[in-house]
Every structure is written in structure tokens, then in C-alpha cells.
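> Following this message is one structure expressed as C-alpha cells.
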Amino acid sequence: MTADAFDYAEILQTPIIIMSDPDIGMNVHIINPLKWDSNRHYKSGKVLTAEQLENIDNWGRYRDVDDDGIPYRTLPGTYPEIDSYFTRGSSHDEDAKYSEDSSTYVRIMERLIKKHNTAKKIIPQPQFFLTSNKSKVGIIFYVSTTHAVEEALDIIKSSGKPLDALIITSFPFHKEVRKFIEEHEYVYVAEQNRDAQMRTLLIIELEINPTKLIKILNYDGTLITAAFILQKINSSFFNLIIYKLQ
């Protein structure tokens, strides 16, 4: 993930954050040995060479020529007579020149929105626990809730009424996250925090009706368990009969 993060940072020209949680950071887990591919080559994204610069009539650092919100860039010293520029941290135009023009500022902001939407297609997609959606109810989970949720899903599956499930792996949310929520009447969101942070992010970013996302929150200082998840599912007001487990 760290190596991939470097690629995404270069391709999208933006900071990339790898987020974890105290369970993974403070406890001991058994994993398979990590293997590094010595032949791996990092992806630099849209980087122009000196030869390419010579064939461009009017290069601008923040010009969006591919309509994906990501401009072409150069490495320092590539072709100083062409690619050198100076820009301020505040408002600038497509050529990196300082500007206080409102319409210019709007264009730059809209380009960044376009890049944000492009990022949704590039960063890791969510993972489906089942190959197809068969239930009216689903569950979304991520990071350290994974093993407990997977155990709970196996128990539910053995009852003959499998629960659809989606693992979130990145943000901004891929379109499959919205599609998964829209395809279900209700969706549980399993988290290890008090404030339902992921659920809140889903509601805000995807404009989801809050009543559709049901909280499963564990914040008692211990790790979330399959038994805890099953108890929450069993006690939910709309699901007493469908998924009641003995």
C-alpha cells in the first residue's frame, strides 16, 4: 500500500494518506511474509520530457488538456527556458500566474473537482465479500473490523440467509460504494469508534439518506467481535425476523 501510495501521489499530483487504526498499530497480528518485487517501477504520471516540451506551443503548469483535471508537469531543471514558473499558494491561473480574477478562480476550483472525480476511478476499488448481491440488506466495513465482520458473515451465511458485504479500501469513494448502498434497503456500517465516522462520511459525500445506514459501533476499548456484530444485527428494529440467529 505504501508503494502504491507513492504512485497515486505522483499520478494525481496530490498528497496521499495511508490510514490505519490502533488495533493494527498496537497489537500483534500474524500475516504472511511480505515480499517486495525488485522489478517494480514507480509511476510518475504526467511528466513531460525536454523533447516533448519543445513540441508544445504553449505549455502551462495547470492546463487541463486531457479533461481529467490532471495537468502535465515537469521535473526541476528539465528545460528551464520553457518549463520554469513561479506560483503563489493562493489564486493563480492555468499558467501559474497570480490572479485575483473570480472567473479564473472558479475555473481552477472546477478543475480540482474534476481531478477529485478522476481519483475515484484510479485509487483502489472496494472489495465485495460475495460475488453477487442477493440480499435486501448489506454491510459495509473496513480496516480492523474486517476479520470480525467476515466471521459474522460466515455464521449468517450458514443460516441460509447470506448478507451482502462491501469492504471500503479508499477515499474518495468509488462509484461501486454508492451503487452497493442504492441496491439495498438498509446497510449496516461496522466501525470501531463512538461517532460513526465512516457512516457520516458516506452520508455527506454520497448524499445518502441517513435512515438507510444503520450503525454498528464498538468503542469499549476492546476489539470488535463477531458475537457483537451478530447481536447488533439481531436487535435492529427492521431485521428481527429476517436474520434472527439462534
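In the C-alpha cells, chains take the letters A, B, ... in the order shown, each chain's residues start at 1, and ligands count up from 1 in the order shown.
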With a distance cut-off of 10 Å and only C-alpha atoms, select the neighbouring residues of Val47 (chain A), excluding the residue or stretch itself and same-chain residues fewer than 6 positions from it, and output the selection as a PyMOL selection string.
chain A and resi 10-11+71-75
> Restricting the output to all heavy atoms, write the selected residues as a PDB file, in the first residue's frame.

ATOM      1  N   GLU A  10       2.006  10.682  -7.263  1.00  0.00           N
ATOM      2  CA  GLU A  10       2.613  11.197  -8.486  1.00  0.00           C
ATOM      3  C   GLU A  10       1.582  11.347  -9.601  1.00  0.00           C
ATOM      4  O   GLU A  10       1.555  12.349 -10.319  1.00  0.00           O
ATOM      5  CB  GLU A  10       3.725  10.239  -8.940  1.00  0.00           C
ATOM      6  CG  GLU A  10       4.910  10.140  -7.997  1.00  0.00           C
ATOM      7  CD  GLU A  10       5.931  11.209  -8.292  1.00  0.00           C
ATOM      8  OE1 GLU A  10       5.710  12.360  -7.862  1.00  0.00           O
ATOM      9  OE2 GLU A  10       6.941  10.907  -8.958  1.00  0.00           O
ATOM     10  N   ILE A  11       0.721  10.333  -9.751  1.00  0.00           N
ATOM     11  CA  ILE A  11      -0.263  10.354 -10.827  1.00  0.00           C
ATOM     12  C   ILE A  11      -1.284  11.474 -10.626  1.00  0.00           C
ATOM     13  O   ILE A  11      -1.624  12.206 -11.566  1.00  0.00           O
ATOM     14  CB  ILE A  11      -0.983   8.997 -10.918  1.00  0.00           C
ATOM     15  CG1 ILE A  11       0.009   7.910 -11.360  1.00  0.00           C
ATOM     16  CG2 ILE A  11      -2.165   9.059 -11.881  1.00  0.00           C
ATOM     17  CD1 ILE A  11      -0.544   6.498 -11.243  1.00  0.00           C
ATOM     18  N   PRO A  71      -3.126  18.186 -14.750  1.00  0.00           N
ATOM     19  CA  PRO A  71      -2.268  18.840 -15.741  1.00  0.00           C
ATOM     20  C   PRO A  71      -0.939  18.099 -15.901  1.00  0.00           C
ATOM     21  O   PRO A  71      -0.599  17.223 -15.094  1.00  0.00           O
ATOM     22  CB  PRO A  71      -2.057  20.230 -15.132  1.00  0.00           C
ATOM     23  CG  PRO A  71      -2.145  19.994 -13.658  1.00  0.00           C
ATOM     24  CD  PRO A  71      -3.154  18.891 -13.458  1.00  0.00           C
ATOM     25  N   TYR A  72      -0.218  18.445 -16.940  1.00  0.00           N
ATOM     26  CA  TYR A  72       1.122  17.886 -17.134  1.00  0.00           C
ATOM     27  C   TYR A  72       2.125  18.696 -16.324  1.00  0.00           C
ATOM     28  O   TYR A  72       1.968  19.900 -16.144  1.00  0.00           O
ATOM     29  CB  TYR A  72       1.497  17.906 -18.615  1.00  0.00           C
ATOM     30  CG  TYR A  72       0.810  16.810 -19.403  1.00  0.00           C
ATOM     31  CD1 TYR A  72      -0.483  16.992 -19.887  1.00  0.00           C
ATOM     32  CD2 TYR A  72       1.439  15.595 -19.641  1.00  0.00           C
ATOM     33  CE1 TYR A  72      -1.125  15.983 -20.594  1.00  0.00           C
ATOM     34  CE2 TYR A  72       0.808  14.584 -20.346  1.00  0.00           C
ATOM     35  CZ  TYR A  72      -0.478  14.784 -20.823  1.00  0.00           C
ATOM     36  OH  TYR A  72      -1.117  13.794 -21.510  1.00  0.00           O
ATOM     37  N   ARG A  73       3.157  18.034 -15.870  1.00  0.00           N
ATOM     38  CA  ARG A  73       4.176  18.703 -15.065  1.00  0.00           C
ATOM     39  C   ARG A  73       5.556  18.353 -15.601  1.00  0.00           C
ATOM     40  O   ARG A  73       5.706  17.503 -16.491  1.00  0.00           O
ATOM     41  CB  ARG A  73       4.080  18.280 -13.593  1.00  0.00           C
ATOM     42  CG  ARG A  73       4.370  16.814 -13.343  1.00  0.00           C
ATOM     43  CD  ARG A  73       4.022  16.421 -11.910  1.00  0.00           C
ATOM     44  NE  ARG A  73       4.286  15.004 -11.647  1.00  0.00           N
ATOM     45  CZ  ARG A  73       5.376  14.530 -11.060  1.00  0.00           C
ATOM     46  NH1 ARG A  73       6.333  15.386 -10.678  1.00  0.00           N
ATOM     47  NH2 ARG A  73       5.548  13.248 -10.860  1.00  0.00           N
ATOM     48  N   THR A  74       6.562  18.998 -15.051  1.00  0.00           N
ATOM     49  CA  THR A  74       7.946  18.719 -15.422  1.00  0.00           C
ATOM     50  C   THR A  74       8.767  18.526 -14.163  1.00  0.00           C
ATOM     51  O   THR A  74       8.405  19.008 -13.085  1.00  0.00           O
ATOM     52  CB  THR A  74       8.548  19.877 -16.234  1.00  0.00           C
ATOM     53  OG1 THR A  74       8.516  21.063 -15.434  1.00  0.00           O
ATOM     54  CG2 THR A  74       7.775  20.110 -17.522  1.00  0.00           C
ATOM     55  N   LEU A  75       9.862  17.823 -14.290  1.00  0.00           N
ATOM     56  CA  LEU A  75      10.794  17.694 -13.185  1.00  0.00           C
ATOM     57  C   LEU A  75      11.732  18.896 -13.190  1.00  0.00           C
ATOM     58  O   LEU A  75      12.066  19.430 -14.258  1.00  0.00           O
ATOM     59  CB  LEU A  75      11.589  16.398 -13.303  1.00  0.00           C
ATOM     60  CG  LEU A  75      10.757  15.109 -13.296  1.00  0.00           C
ATOM     61  CD1 LEU A  75      11.653  13.889 -13.457  1.00  0.00           C
ATOM     62  CD2 LEU A  75       9.926  15.000 -12.036  1.00  0.00           C
TER      63      LEU A  75
END
> Write out as a PyMOL selection string each polymer residue whose atoms come within 7 Å of Ile16 (chain A), counting only C-alpha atoms; drop sequence neighbours fewer than 4 positions from it.
chain A and resi 5+8-9
> Determine, counting only C-alpha atoms, which protein, DNA and RNA residues have an atom within 12 Å of an atom of Glu182 (chain A); residues of the same chain fewer than 5 positions away are not included. Present the result as number ranges by chain.
A: 133, 136-138, 175-177, 187, 206-209, 212-213
> Any chance you could list, as number ranges by chain, the residues in region 85-217 of chain A that come up helix (DSSP H, G or I) when DSSP is run on the backbone?
A: 102-122, 143-158, 175-182, 197-206, 210-212
> Just want the 10 Å neighbourhood of Glu51 (chain A), counted on only C-alpha atoms, with same-chain residues fewer than 3 positions away dropped. Output as number ranges by chain.
A: 48, 54-56, 78-79
> With all heavy atoms retained, write the just-selected residues as a PDB file, in the first residue's frame.

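Result file is result-v1.pdb:
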ATOM      1  N   LEU A  48       6.517  15.594 -18.412  1.00  0.00           N
ATOM      2  CA  LEU A  48       7.000  15.912 -19.755  1.00  0.00           C
ATOM      3  C   LEU A  48       8.519  15.897 -19.817  1.00  0.00           C
ATOM      4  O   LEU A  48       9.207  16.325 -18.881  1.00  0.00           O
ATOM      5  CB  LEU A  48       6.494  17.295 -20.181  1.00  0.00           C
ATOM      6  CG  LEU A  48       4.976  17.453 -20.343  1.00  0.00           C
ATOM      7  CD1 LEU A  48       4.631  18.915 -20.581  1.00  0.00           C
ATOM      8  CD2 LEU A  48       4.455  16.582 -21.474  1.00  0.00           C
ATOM      9  N   GLU A  54       9.546  20.864 -26.266  1.00  0.00           N
ATOM     10  CA  GLU A  54       9.879  21.587 -27.492  1.00  0.00           C
ATOM     11  C   GLU A  54       8.758  21.515 -28.518  1.00  0.00           C
ATOM     12  O   GLU A  54       8.624  22.400 -29.365  1.00  0.00           O
ATOM     13  CB  GLU A  54      11.171  21.011 -28.098  1.00  0.00           C
ATOM     14  CG  GLU A  54      12.421  21.414 -27.339  1.00  0.00           C
ATOM     15  CD  GLU A  54      13.677  20.931 -28.035  1.00  0.00           C
ATOM     16  OE1 GLU A  54      13.566  19.934 -28.794  1.00  0.00           O
ATOM     17  OE2 GLU A  54      14.739  21.539 -27.848  1.00  0.00           O
ATOM     18  N   ASN A  55       7.947  20.481 -28.436  1.00  0.00           N
ATOM     19  CA  ASN A  55       6.863  20.299 -29.399  1.00  0.00           C
ATOM     20  C   ASN A  55       5.522  20.853 -28.914  1.00  0.00           C
ATOM     21  O   ASN A  55       4.498  20.675 -29.571  1.00  0.00           O
ATOM     22  CB  ASN A  55       6.703  18.808 -29.720  1.00  0.00           C
ATOM     23  CG  ASN A  55       7.921  18.246 -30.426  1.00  0.00           C
ATOM     24  OD1 ASN A  55       8.524  18.908 -31.263  1.00  0.00           O
ATOM     25  ND2 ASN A  55       8.307  17.025 -30.082  1.00  0.00           N
ATOM     26  N   ILE A  56       5.521  21.515 -27.762  1.00  0.00           N
ATOM     27  CA  ILE A  56       4.308  22.125 -27.229  1.00  0.00           C
ATOM     28  C   ILE A  56       4.384  23.631 -27.438  1.00  0.00           C
ATOM     29  O   ILE A  56       5.344  24.284 -27.021  1.00  0.00           O
ATOM     30  CB  ILE A  56       4.136  21.800 -25.727  1.00  0.00           C
ATOM     31  CG1 ILE A  56       3.965  20.297 -25.532  1.00  0.00           C
ATOM     32  CG2 ILE A  56       2.928  22.546 -25.155  1.00  0.00           C
ATOM     33  CD1 ILE A  56       3.896  19.885 -24.080  1.00  0.00           C
ATOM     34  N   THR A  78      14.338  20.336 -16.147  1.00  0.00           N
ATOM     35  CA  THR A  78      14.162  19.617 -17.413  1.00  0.00           C
ATOM     36  C   THR A  78      14.459  20.508 -18.619  1.00  0.00           C
ATOM     37  O   THR A  78      15.198  20.125 -19.527  1.00  0.00           O
ATOM     38  CB  THR A  78      12.727  19.066 -17.522  1.00  0.00           C
ATOM     39  OG1 THR A  78      12.504  18.134 -16.461  1.00  0.00           O
ATOM     40  CG2 THR A  78      12.508  18.355 -18.853  1.00  0.00           C
ATOM     41  N   TYR A  79      13.876  21.708 -18.615  1.00  0.00           N
ATOM     42  CA  TYR A  79      14.070  22.648 -19.734  1.00  0.00           C
ATOM     43  C   TYR A  79      13.775  24.039 -19.178  1.00  0.00           C
ATOM     44  O   TYR A  79      12.708  24.607 -19.434  1.00  0.00           O
ATOM     45  CB  TYR A  79      13.115  22.306 -20.872  1.00  0.00           C
ATOM     46  CG  TYR A  79      13.554  22.812 -22.235  1.00  0.00           C
ATOM     47  CD1 TYR A  79      13.377  22.021 -23.365  1.00  0.00           C
ATOM     48  CD2 TYR A  79      14.110  24.086 -22.409  1.00  0.00           C
ATOM     49  CE1 TYR A  79      13.745  22.474 -24.624  1.00  0.00           C
ATOM     50  CE2 TYR A  79      14.473  24.540 -23.642  1.00  0.00           C
ATOM     51  CZ  TYR A  79      14.297  23.731 -24.757  1.00  0.00           C
ATOM     52  OH  TYR A  79      14.670  24.196 -25.997  1.00  0.00           O
TER      53      TYR A  79
END
> Could you state the separation of CA of Leu217 (chain A) and CA of Asp195 (chain A) in Å, given to one decimal place?
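Those two atoms sit 8.0 Å apart.
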> Taking only C-alpha atoms into account, produce a table as a Markdown table in which each residue of region 111-147 of chain A with an atom at most 10 Å from an atom of region 219-232 of chain A appears once, together with its shortest atom pair and the distance in Å to one decimal, ordered by chain and rising number.

| residue | atom | partner | partner_atom | distance |
| --- | --- | --- | --- | --- |
| A:Ser144 | CA | A:Ile224 | CA | 8.5 |
| A:Thr145 | CA | A:Ile224 | CA | 6.6 |
| A:Thr146 | CA | A:Ile224 | CA | 9.6 |
| A:His147 | CA | A:Ala226 | CA | 8.3 |
> Residues of the last selection are to be written out with N, CA, C and O atoms, as an mmCIF file, in the first residue's frame.

data_model
loop_
_atom_site.group_PDB
_atom_site.id
_atom_site.type_symbol
_atom_site.label_atom_id
_atom_site.label_comp_id
_atom_site.auth_asym_id
_atom_site.auth_seq_id
_atom_site.Cartn_x
_atom_site.Cartn_y
_atom_site.Cartn_z
ATOM 1 N N SER A 144 -9.732 -2.679 10.578
ATOM 2 C CA SER A 144 -9.636 -3.711 11.612
ATOM 3 C C SER A 144 -10.956 -4.367 11.979
ATOM 4 O O SER A 144 -10.980 -5.303 12.778
ATOM 5 N N THR A 145 -12.064 -3.917 11.406
ATOM 6 C CA THR A 145 -13.324 -4.621 11.631
ATOM 7 C C THR A 145 -13.441 -5.834 10.708
ATOM 8 O O THR A 145 -14.346 -6.656 10.871
ATOM 9 N N THR A 146 -12.520 -5.966 9.764
ATOM 10 C CA THR A 146 -12.653 -6.945 8.688
ATOM 11 C C THR A 146 -12.817 -8.372 9.190
ATOM 12 O O THR A 146 -13.758 -9.075 8.813
ATOM 13 N N HIS A 147 -11.905 -8.842 10.030
ATOM 14 C CA HIS A 147 -11.937 -10.252 10.433
ATOM 15 C C HIS A 147 -13.196 -10.586 11.225
ATOM 16 O O HIS A 147 -13.803 -11.644 11.023
#
> What residues in region 25-238 of chain A get the DSSP label strand (DSSP E or B)? Please answer as a ChimeraX atom specification.
/A:47-48,73-74,92,98,127-128,137-141,164-167,186-191,213-217
> Out of A:Gly69, A:Gly60, A:Pro210, A:Gly25, which residue has the shortest atom-to-atom distance to Glu110 (chain A) when counting only C-alpha atoms?
A:Gly69
> Can you pull out the residues contacting Tyr42 (chain A)? Cut-off 9 Å, using only C-alpha atoms, and skip same-chain residues under 3 positions away; I want them as number ranges by chain.
A: 3-4, 6-7, 10
> Using only C-alpha atoms, tabulate the residues of region 2-64 of chain A lying at most 12 Å from any atom of region 87-99 of chain A, each with its closest atom pair and that distance in Å to one decimal, by chain and increasing residue number, as a tab-separated table.

residue	atom	partner	partner_atom	distance
A:Asn58	CA	A:Asp95	CA	9.2
A:Trp59	CA	A:Asp95	CA	7.7
A:Gly60	CA	A:Asp95	CA	4.3
A:Arg61	CA	A:Asp95	CA	5.5
A:Tyr62	CA	A:Glu94	CA	4.4
A:Arg63	CA	A:Glu94	CA	5.0
A:Asp64	CA	A:Glu94	CA	8.1
> Do you have the CA of Lys43 (chain A)-CA of Leu12 (chain A) distance handy?
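Distance reported for this atom pair: 10.6 Å.
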